[in-house]
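Working notes, structure below.
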Amino acid sequence: MPSGYALERTHGQEKVIIYAADLYLLAKWKYDLTISDEVQRSAIFDKWLEIGLQGRMPYLKRLEKMSKAQEDITKDEKDFLAGVRDPSDRKKISYTRLVRTFYGDGSENNLSELILEAEYDGIIFDNIALYDAGSDDGLQSLHGILTRIPQIVEGTTVFARRRDNRMREALEKAIDKDGDEIDFEMAHQAARWTHVLIYDKEANDGPGNVLVVYIDDRGRVLRYSRLEGTEDLWAADGMFLSGQDFMRAWWENGRYGEDWKPEQLVKRWEEAEFETSEDSASESAISE
């Protein structure tokens, strides 16, 4: 989900983008730890995924207030972020975002041709030093992607409330049925938060069968499948924006993630019931 309130600010001669995830990183960073910056950054953003939408709400609210009031973080804070987050990881999120994780023979030309033929104009995260996963399937790379690019799950308070309303309505419908079983399709549609496109080895061999992974607000996999070449990638941007991808084969025929298989639904729904019954976390959570 795009972050509509990401701050575009200056840092020296450069333009930088500041996310709610960056505010969280600044709040949680411990300067006296002996672990590497890479390890601490990854651990903090791992927690960012774990706390879900409700836990992230104070930082989303603060970012929105800063945007409306034209506030900024300090130069020292910008210097710090520049030192622990690579510029490649801090690109602004669009409705379609593609991460390249395969850099083997032929991949440069193959990806370039795919992008050109599909007229793809979404964001591409492409840095061999950061995202190279060799022959690993894109699904194996997902967690590493999300802890490097945490703004993928960020969203805004408006999107967060819409998602909570979907979950609440789905819960009410399940209760109305007077049964313990939850409609699987309803559950997945309500819990869907965002998606990631991954250009991995199989996409390169496909050719162009990019992996699409649907995730919930904690970065857990709902469904995943393969786009079918250029035509699907061309269609993806508008489909994701309008929500019409529910009618596409890549959603309908997608495989289920381990955390969202039928036997996990009751557990996932208990989490949702707790989250939607709680008020949003207060601003004081930022300083905890």
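A note on labels: chains of the structure tokens are A, B, ... as shown, every chain counts residues from 1, and ligands are counted from 1 in their shown order.
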Report task. Could you tell me, as a ChimeraX atom specification, which residues of range 149-286 of chain A DSSP assigns to alpha helix (DSSP H) when given the backbone? Result -> /A:157-176,184-191,201-205,229-242,249-252,265-277
Report as CSV: every residue of range 71-177 of chain A with an atom at most 10 Å from range 41-56 of chain A, its closest pair of atoms, and their distance in Å to one decimal, counting only C-alpha atoms, with rows sorted by chain and ascending residue number.
```
residue,atom,partner,partner_atom,distance
A:Val84,CA,A:Arg41,CA,7.2
A:Arg85,CA,A:Arg41,CA,8.2
A:His143,CA,A:Asp46,CA,8.4
A:Gly144,CA,A:Ser42,CA,8.3
A:Leu146,CA,A:Leu49,CA,8.0
A:Thr147,CA,A:Phe45,CA,5.1
A:Arg148,CA,A:Ser42,CA,7.0
A:Ile149,CA,A:Phe45,CA,8.8
A:Pro150,CA,A:Phe45,CA,6.5
A:Gln151,CA,A:Phe45,CA,9.9
A:Val153,CA,A:Leu49,CA,7.7
A:Glu154,CA,A:Arg56,CA,8.0
A:Gly155,CA,A:Leu53,CA,8.8
A:Thr156,CA,A:Leu53,CA,9.5
A:Thr157,CA,A:Leu53,CA,8.8
A:Phe159,CA,A:Leu53,CA,9.9
A:Ala160,CA,A:Leu53,CA,6.5
A:Arg161,CA,A:Leu53,CA,9.2
A:Arg163,CA,A:Leu53,CA,9.2
A:Asp164,CA,A:Leu53,CA,9.0
```
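Note that CA of Lys267 in chain A and CA of Met167 in chain A are 13.9 Å apart.
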Considering only C-alpha atoms, return as a PDB file with C-alpha atoms, in the first residue's frame whatever protein or nucleic-acid residues lie within 9 Å of Tyr199 in chain A, sequence-local ones (same chain, fewer than 5 positions apart) excluded.
```pdb
ATOM      1  CA  LEU A  98       9.038  -5.026  -8.225  1.00  0.00           C
ATOM      2  CA  VAL A  99      12.115  -6.372  -6.460  1.00  0.00           C
ATOM      3  CA  ARG A 100      14.809  -8.063  -8.522  1.00  0.00           C
ATOM      4  CA  THR A 101      16.431 -10.936  -6.628  1.00  0.00           C
ATOM      5  CA  PHE A 102      18.134 -12.772  -9.522  1.00  0.00           C
ATOM      6  CA  LEU A 111      14.323  -7.927 -17.330  1.00  0.00           C
ATOM      7  CA  GLY A 138      11.328 -15.273  -4.447  1.00  0.00           C
ATOM      8  CA  ASN A 204      13.957 -15.062 -15.538  1.00  0.00           C
ATOM      9  CA  GLY A 208       8.770 -13.010 -17.474  1.00  0.00           C
ATOM     10  CA  ASN A 209       6.658 -15.077 -15.073  1.00  0.00           C
ATOM     11  CA  VAL A 210       7.120 -12.657 -12.206  1.00  0.00           C
ATOM     12  CA  LEU A 211       6.152 -13.910  -8.749  1.00  0.00           C
TER      13      LEU A 211
END
```
Can you tell me which residues surround range 217-231 of chain A at a distance of at most 9 Å, considering only C-alpha atoms, apart from same-chain residues fewer than 2 positions away, and format the answer as a short mmCIF file (atom, residue, chain, number, x, y, z; two decimals) with N, CA, C and O atoms, in the first residue's frame?
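Final output, result-v4.cif:
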```
data_model
loop_
_atom_site.label_atom_id
_atom_site.label_comp_id
_atom_site.auth_asym_id
_atom_site.auth_seq_id
_atom_site.Cartn_x
_atom_site.Cartn_y
_atom_site.Cartn_z
N TRP A 48 8.92 -4.21 13.43
CA TRP A 48 7.97 -3.34 12.72
C TRP A 48 6.92 -4.16 11.99
O TRP A 48 5.73 -3.82 11.97
N LEU A 49 7.33 -5.28 11.41
CA LEU A 49 6.38 -6.18 10.77
C LEU A 49 5.50 -6.85 11.82
O LEU A 49 4.28 -6.95 11.66
N GLU A 50 6.11 -7.29 12.88
CA GLU A 50 5.41 -8.08 13.91
C GLU A 50 4.29 -7.29 14.59
O GLU A 50 3.25 -7.86 14.92
N ILE A 51 4.48 -5.99 14.80
CA ILE A 51 3.48 -5.22 15.56
C ILE A 51 2.23 -4.92 14.75
O ILE A 51 1.20 -4.53 15.31
N GLY A 52 2.27 -5.10 13.44
CA GLY A 52 1.07 -4.93 12.62
C GLY A 52 0.58 -3.49 12.56
O GLY A 52 1.22 -2.56 13.06
N LEU A 53 -0.59 -3.33 11.97
CA LEU A 53 -1.14 -1.99 11.75
C LEU A 53 -1.38 -1.23 13.04
O LEU A 53 -1.10 -0.03 13.13
N LEU A 114 11.45 -7.24 -20.68
CA LEU A 114 10.14 -7.42 -20.05
C LEU A 114 9.54 -6.07 -19.65
O LEU A 114 8.36 -5.80 -19.91
N ILE A 115 10.34 -5.23 -19.04
CA ILE A 115 9.88 -3.91 -18.59
C ILE A 115 9.44 -3.07 -19.79
O ILE A 115 8.40 -2.40 -19.76
N GLU A 117 8.54 -4.14 -22.93
CA GLU A 117 7.38 -4.70 -23.64
C GLU A 117 6.10 -4.56 -22.82
O GLU A 117 5.01 -4.36 -23.38
N ALA A 118 6.21 -4.66 -21.50
CA ALA A 118 5.02 -4.55 -20.65
C ALA A 118 4.67 -3.10 -20.33
O ALA A 118 3.65 -2.84 -19.70
N GLU A 119 5.53 -2.17 -20.77
CA GLU A 119 5.34 -0.75 -20.48
C GLU A 119 5.18 -0.53 -18.97
O GLU A 119 4.37 0.28 -18.52
N LEU A 139 9.88 -16.37 -2.85
CA LEU A 139 9.18 -16.49 -1.57
C LEU A 139 10.17 -16.59 -0.42
O LEU A 139 9.92 -16.09 0.67
N LEU A 142 11.36 -13.09 0.69
CA LEU A 142 10.37 -12.08 1.05
C LEU A 142 10.68 -11.39 2.38
O LEU A 142 10.63 -10.16 2.47
N HIS A 143 11.00 -12.15 3.41
CA HIS A 143 11.23 -11.54 4.71
C HIS A 143 12.41 -10.58 4.66
O HIS A 143 12.36 -9.47 5.22
N LEU A 146 11.26 -7.35 3.04
CA LEU A 146 10.42 -6.50 3.88
C LEU A 146 11.18 -5.85 5.02
O LEU A 146 10.80 -4.77 5.48
N VAL A 153 4.89 -2.21 3.76
CA VAL A 153 3.71 -2.54 4.57
C VAL A 153 3.14 -1.32 5.29
O VAL A 153 2.22 -1.43 6.09
N GLU A 154 3.64 -0.13 4.98
CA GLU A 154 3.35 1.04 5.80
C GLU A 154 1.92 1.56 5.64
O GLU A 154 1.16 1.59 6.59
N HIS A 188 -9.50 -14.22 3.26
CA HIS A 188 -8.31 -13.76 2.53
C HIS A 188 -8.50 -12.36 1.95
O HIS A 188 -7.59 -11.54 1.99
N ALA A 191 -8.25 -9.82 4.80
CA ALA A 191 -6.93 -9.71 5.43
C ALA A 191 -5.86 -9.18 4.48
O ALA A 191 -4.79 -8.76 4.93
N ARG A 192 -6.13 -9.18 3.19
CA ARG A 192 -5.11 -8.73 2.24
C ARG A 192 -4.75 -7.27 2.51
O ARG A 192 -5.60 -6.40 2.59
N TRP A 193 -3.46 -7.03 2.66
CA TRP A 193 -2.99 -5.67 2.92
C TRP A 193 -2.27 -5.10 1.70
O TRP A 193 -2.57 -4.02 1.23
N THR A 194 -1.31 -5.83 1.16
CA THR A 194 -0.59 -5.34 -0.01
C THR A 194 0.06 -6.51 -0.73
O THR A 194 -0.25 -7.67 -0.47
N ALA A 203 11.30 -16.44 -12.65
CA ALA A 203 10.77 -15.38 -13.51
C ALA A 203 11.69 -15.16 -14.70
O ALA A 203 11.24 -14.92 -15.82
N GLY A 206 11.27 -18.05 -17.07
CA GLY A 206 9.86 -18.18 -17.45
C GLY A 206 9.50 -18.20 -18.92
O GLY A 206 8.93 -19.17 -19.38
N PRO A 207 9.76 -17.19 -19.72
CA PRO A 207 10.36 -15.92 -19.30
C PRO A 207 9.29 -14.93 -18.83
O PRO A 207 8.17 -14.95 -19.32
N GLY A 208 9.65 -14.09 -17.90
CA GLY A 208 8.77 -13.01 -17.47
C GLY A 208 7.66 -13.41 -16.54
O GLY A 208 6.75 -12.62 -16.29
N ASN A 209 7.71 -14.64 -16.00
CA ASN A 209 6.66 -15.08 -15.07
C ASN A 209 6.99 -14.59 -13.66
O ASN A 209 7.39 -15.36 -12.78
N VAL A 210 6.79 -13.31 -13.47
CA VAL A 210 7.12 -12.66 -12.21
C VAL A 210 6.26 -13.22 -11.08
O VAL A 210 5.07 -13.47 -11.26
N LEU A 211 6.87 -13.42 -9.92
CA LEU A 211 6.15 -13.91 -8.75
C LEU A 211 5.38 -12.76 -8.10
O LEU A 211 5.94 -11.70 -7.84
N VAL A 212 4.09 -12.96 -7.85
CA VAL A 212 3.30 -11.98 -7.10
C VAL A 212 2.95 -12.61 -5.76
O VAL A 212 2.44 -13.74 -5.70
N VAL A 213 3.27 -11.89 -4.69
CA VAL A 213 3.03 -12.38 -3.33
C VAL A 213 2.09 -11.41 -2.62
O VAL A 213 2.41 -10.22 -2.49
N TYR A 214 0.94 -11.89 -2.20
CA TYR A 214 0.00 -11.10 -1.41
C TYR A 214 0.31 -11.32 0.07
O TYR A 214 0.48 -12.46 0.51
N ILE A 215 0.36 -10.23 0.84
CA ILE A 215 0.71 -10.34 2.25
C ILE A 215 -0.32 -9.62 3.12
O ILE A 215 -1.04 -8.73 2.66
N LEU A 233 1.95 -8.58 -16.61
CA LEU A 233 2.67 -7.48 -15.97
C LEU A 233 2.12 -6.14 -16.45
O LEU A 233 2.00 -5.20 -15.67
N TRP A 234 1.77 -6.07 -17.72
CA TRP A 234 1.16 -4.85 -18.26
C TRP A 234 -0.16 -4.54 -17.55
O TRP A 234 -0.47 -3.39 -17.24
N ALA A 235 -0.94 -5.59 -17.28
CA ALA A 235 -2.25 -5.40 -16.65
C ALA A 235 -2.17 -5.14 -15.16
O ALA A 235 -3.09 -4.57 -14.56
N ALA A 236 -1.06 -5.53 -14.55
CA ALA A 236 -0.99 -5.55 -13.09
C ALA A 236 -1.19 -4.18 -12.45
O ALA A 236 -1.90 -4.06 -11.45
N ALA A 249 -6.45 -14.61 -12.42
CA ALA A 249 -5.99 -15.95 -12.06
C ALA A 249 -4.90 -15.91 -11.01
O ALA A 249 -4.79 -16.83 -10.19
N TRP A 250 -4.10 -14.84 -11.00
CA TRP A 250 -3.00 -14.82 -10.04
C TRP A 250 -3.50 -14.70 -8.61
O TRP A 250 -2.79 -15.04 -7.68
N TRP A 251 -4.72 -14.21 -8.39
CA TRP A 251 -5.33 -14.26 -7.06
C TRP A 251 -6.16 -15.53 -6.89
O TRP A 251 -5.98 -16.28 -5.93
N ASN A 253 -6.22 -18.41 -8.35
CA ASN A 253 -5.53 -19.70 -8.40
C ASN A 253 -4.25 -19.71 -7.57
O ASN A 253 -3.44 -20.63 -7.68
N GLY A 254 -4.06 -18.69 -6.75
CA GLY A 254 -2.83 -18.60 -5.97
C GLY A 254 -2.73 -19.68 -4.91
O GLY A 254 -3.73 -20.17 -4.38
N ARG A 255 -1.50 -20.06 -4.61
CA ARG A 255 -1.26 -21.00 -3.52
C ARG A 255 -1.34 -20.25 -2.19
O ARG A 255 -1.03 -19.07 -2.11
N TYR A 256 -1.71 -20.97 -1.14
CA TYR A 256 -1.89 -20.34 0.16
C TYR A 256 -0.59 -20.33 0.96
O TYR A 256 0.14 -21.32 1.00
N GLY A 257 -0.33 -19.20 1.61
CA GLY A 257 0.83 -19.11 2.48
C GLY A 257 0.65 -19.97 3.72
O GLY A 257 -0.48 -20.26 4.14
N GLU A 258 1.75 -20.38 4.33
CA GLU A 258 1.71 -21.27 5.49
C GLU A 258 0.89 -20.69 6.64
O GLU A 258 0.22 -21.42 7.37
N ASP A 259 0.95 -19.36 6.83
CA ASP A 259 0.25 -18.74 7.95
C ASP A 259 -1.23 -18.50 7.68
O ASP A 259 -1.97 -18.11 8.58
N TRP A 260 -1.66 -18.72 6.43
CA TRP A 260 -3.06 -18.44 6.08
C TRP A 260 -3.74 -19.63 5.40
O TRP A 260 -4.68 -19.46 4.64
N LYS A 261 -3.27 -20.83 5.70
CA LYS A 261 -3.96 -22.02 5.23
C LYS A 261 -5.21 -22.24 6.08
O LYS A 261 -5.35 -21.67 7.16
#
```
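Comparing A:Leu7, A:Thr96, A:Asp216, A:Ser135 by their smallest distance to Lys68 in chain A, the closest is A:Leu7 (using only C-alpha atoms).
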Query - Residues within 8 Å of Tyr103 in chain A, only C-alpha atoms, excluding chain neighbours under 5 positions, as a ChimeraX atom specification - result: /A:108,128,132,134
Produce a file of the selected residues containing all heavy atoms, as a JSON list (two decimals), in the first residue's frame.
```
[["chain", "number", "residue", "atom", "x", "y", "z"],
["A", 108, "GLU", "N", 19.86, -9.32, -16.94],
["A", 108, "GLU", "CA", 19.82, -7.88, -17.20],
["A", 108, "GLU", "C", 19.01, -7.59, -18.46],
["A", 108, "GLU", "O", 18.09, -6.76, -18.46],
["A", 108, "GLU", "CB", 21.24, -7.34, -17.35],
["A", 108, "GLU", "CG", 21.33, -5.82, -17.40],
["A", 108, "GLU", "CD", 21.11, -5.17, -16.05],
["A", 108, "GLU", "OE1", 21.43, -5.80, -15.03],
["A", 108, "GLU", "OE2", 20.61, -4.03, -16.04],
["A", 128, "ILE", "N", 22.25, -5.37, -6.80],
["A", 128, "ILE", "CA", 22.80, -6.71, -6.59],
["A", 128, "ILE", "C", 23.40, -6.87, -5.20],
["A", 128, "ILE", "O", 23.35, -7.95, -4.60],
["A", 128, "ILE", "CB", 23.85, -7.04, -7.68],
["A", 128, "ILE", "CG1", 24.27, -8.51, -7.59],
["A", 128, "ILE", "CG2", 25.05, -6.11, -7.58],
["A", 128, "ILE", "CD1", 25.14, -8.96, -8.76],
["A", 132, "ASP", "N", 20.33, -9.61, -4.10],
["A", 132, "ASP", "CA", 20.69, -10.84, -4.81],
["A", 132, "ASP", "C", 20.44, -12.07, -3.93],
["A", 132, "ASP", "O", 21.01, -12.21, -2.86],
["A", 132, "ASP", "CB", 22.17, -10.79, -5.22],
["A", 132, "ASP", "CG", 22.59, -11.99, -6.04],
["A", 132, "ASP", "OD1", 21.70, -12.70, -6.54],
["A", 132, "ASP", "OD2", 23.81, -12.21, -6.18],
["A", 134, "GLY", "N", 20.45, -15.24, -5.49],
["A", 134, "GLY", "CA", 20.91, -16.38, -6.27],
["A", 134, "GLY", "C", 19.74, -17.12, -6.88],
["A", 134, "GLY", "O", 18.84, -16.54, -7.48]]
```
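Going from CA of Gly83 in chain A to CA of Ala6 in chain A covers 19.3 Å.
Compared by their closest atoms to Thr10 in chain A, and using only C-alpha atoms, the residues A:Ser107, A:Ser112, A:Asp79, A:Trp29 rank with A:Asp79 nearest.
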Query raised in the report: Residues of range 14-255 of chain A in strand (DSSP E) according to DSSP, as a ChimeraX atom specification?
Result: /A:14-18,97-100,123-125,194-199,211-215,221-226,255
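Counting from CA of Asp232 in chain A, the distance to CA of Met247 in chain A is 12.7 Å.
If you count only C-alpha atoms and ignore residues fewer than 5 places along the chain from Ser94 in chain A, what sits within 12 Å of it is Met1, Pro2, Ser3, Gly4, Ala6, Tyr120, Asp121, Gly122, Ile123, Ile124, Phe125, Gln151, Ile152, Val153, Glu154, Gly155, Thr194, His195, Val196, Leu197, Asp237, Gly238, Phe240 and Leu241 of chain A.
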